[in-house]
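> For reference, the structure I am asking about is given below.
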Amino acid sequence: MIYTSDLRDRIFNLLESQSLAVLATQKDGQSYANLVAFAVSDNLQTMIFATSRSTRKFSNIQSNSLVALLADNRLNRPADLKDALAVTAIGKAMEANGAEKEKLSSMYLDKHPHMSDFISSPNQALIRVNVSKYIVVSNFQRVLEMNVDE
């Protein structure tokens, strides 16, 4: 799908304005969702979050790297049905290591400086999601898609 820079800007602005996203994973046919503090790269190709290696989400990602991350700007008001914007990122997740982990940690801490102790703990993993597509829902039913590689 061809997209305009306006759609890209709307996606980026929403993701930059939100601290938390809902991460969806799956293992053995069972879906699992939970909140994660995330950051996104300027080119929208990468989203990152931190988690303990002992969590269910980490185990699920090790088993099945396909994930979705949902961020939105709702305020839990009736008007959200027409006013809220929701962005779902679809991609593959994997643990970042070495020089890549250092680079992504810096990007993550720029947005979440309070997470410094958490991500420096030996049992923590920094997860990189290579985003292939964004799905944007606005006005309750208007759905647009943007492939990242376009």
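In the structure tokens, each chain is lettered A, B, ... as it comes, each chain's residues begin at 1, and ligands are numbered from 1 in order of appearance.
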Find the residues around A:Glu102 up to 12 Å (only C-alpha atoms counted), leave out those fewer than 6 positions away in its own chain, and share them as a list of chain:residue names.

A:Ala96, A:Tyr108, A:Leu109, A:Ile119, A:Ser120, A:Ala125, A:Leu126, A:Arg128

> When you look at A:Ser41 with a cut-off of 9 Å (counting only C-alpha atoms), what residues show up, excluding the ones that are within fewer than 6 positions of it in the same chain? I need them as a ChimeraX atom specification.

/A:12,47-48,104,107

> Which residues are close to A:Ser138, i.e. within 10 Å by only C-alpha atoms, leaving aside same-chain residues fewer than 4 positions away? Reply as a list in words.

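Non-adjacent residues within range: Asp72, Asp80, Leu81, Lys82, Asp83, Ala84, Leu85, Ala86, Val87, Arg142, Val143 and Leu144 of chain A.
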
> Atom CA of A:Asp6 and atom CA of A:Val40, how far apart in Å?

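Computing the Euclidean distance for atom CA of A:Val40 and atom CA of A:Asp6 yields 17.5 Å.
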
> Please provide the set of residues having any atom within 12 Å of A:Leu15, restricted to only C-alpha atoms, with same-chain residues fewer than 5 positions apart removed, written as number ranges by chain.

A: 8-10, 20-21, 37-44, 46-48, 69-73, 85-89, 111, 134, 136

> Would you compute the distance between atom CA of A:Ile11 and atom CA of A:Ile90? Give it in Å to one decimal.

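Atom CA of A:Ile11 sits 13.2 Å away from atom CA of A:Ile90.
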
> I'd like to know which of A:His112, A:Arg74, A:Arg53, A:Lys92 is closest to A:Gln124, using only C-alpha atoms.

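Residue with the minimum atom-to-atom distance to A:Gln124: A:Arg53.
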
> Between A:Ser121, A:Ser31, A:Ser52, A:Ser17, which is the closest to A:Leu66 once you count only C-alpha atoms?

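Counting only C-alpha atoms, the residue closest to A:Leu66 is A:Ser31.
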
> From chain A, collect each residue whose DSSP state is helix (DSSP H, G or I) and return the set as a PyMOL selection string.

chain A and resi 5-17+56-63+80-83+98-111+113-120

> Rank A:Ser116, A:Ser132, A:Thr25, A:Ser63 by their smallest atom-to-atom distance to A:Asn147, using only C-alpha atoms, and report the top residue only.

A:Ser132

> What separation in Å, quoted to one decimal, exists between atom CA of A:Lys101 and atom CA of A:Asn130?

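Pair atom CA of A:Lys101 / atom CA of A:Asn130 returns 14.0 Å.
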
> Hey, what's within 12 Å of A:Thr55 if we count only C-alpha atoms and toss same-chain stuff fewer than 5 positions away? As a PyMOL selection string, please?

chain A and resi 25+32+34+50+60-62+123-125

> Store the residues picked out above in a file with C-alpha atoms, as a short mmCIF file (atom, residue, chain, number, x, y, z; two decimals), in the first residue's frame.


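Result file part.cif:
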data_model
loop_
_atom_site.label_atom_id
_atom_site.label_comp_id
_atom_site.auth_asym_id
_atom_site.auth_seq_id
_atom_site.Cartn_x
_atom_site.Cartn_y
_atom_site.Cartn_z
CA THR A 25 2.70 -13.11 21.99
CA TYR A 32 -0.77 -13.77 25.89
CA ASN A 34 0.79 -7.59 28.69
CA ALA A 50 12.99 -4.77 28.06
CA ASN A 60 6.82 -17.06 24.26
CA ILE A 61 9.14 -14.99 22.03
CA GLN A 62 11.80 -17.70 22.20
CA ASN A 123 18.74 -11.31 33.88
CA GLN A 124 17.17 -8.62 31.69
CA ALA A 125 16.84 -8.91 27.93
#
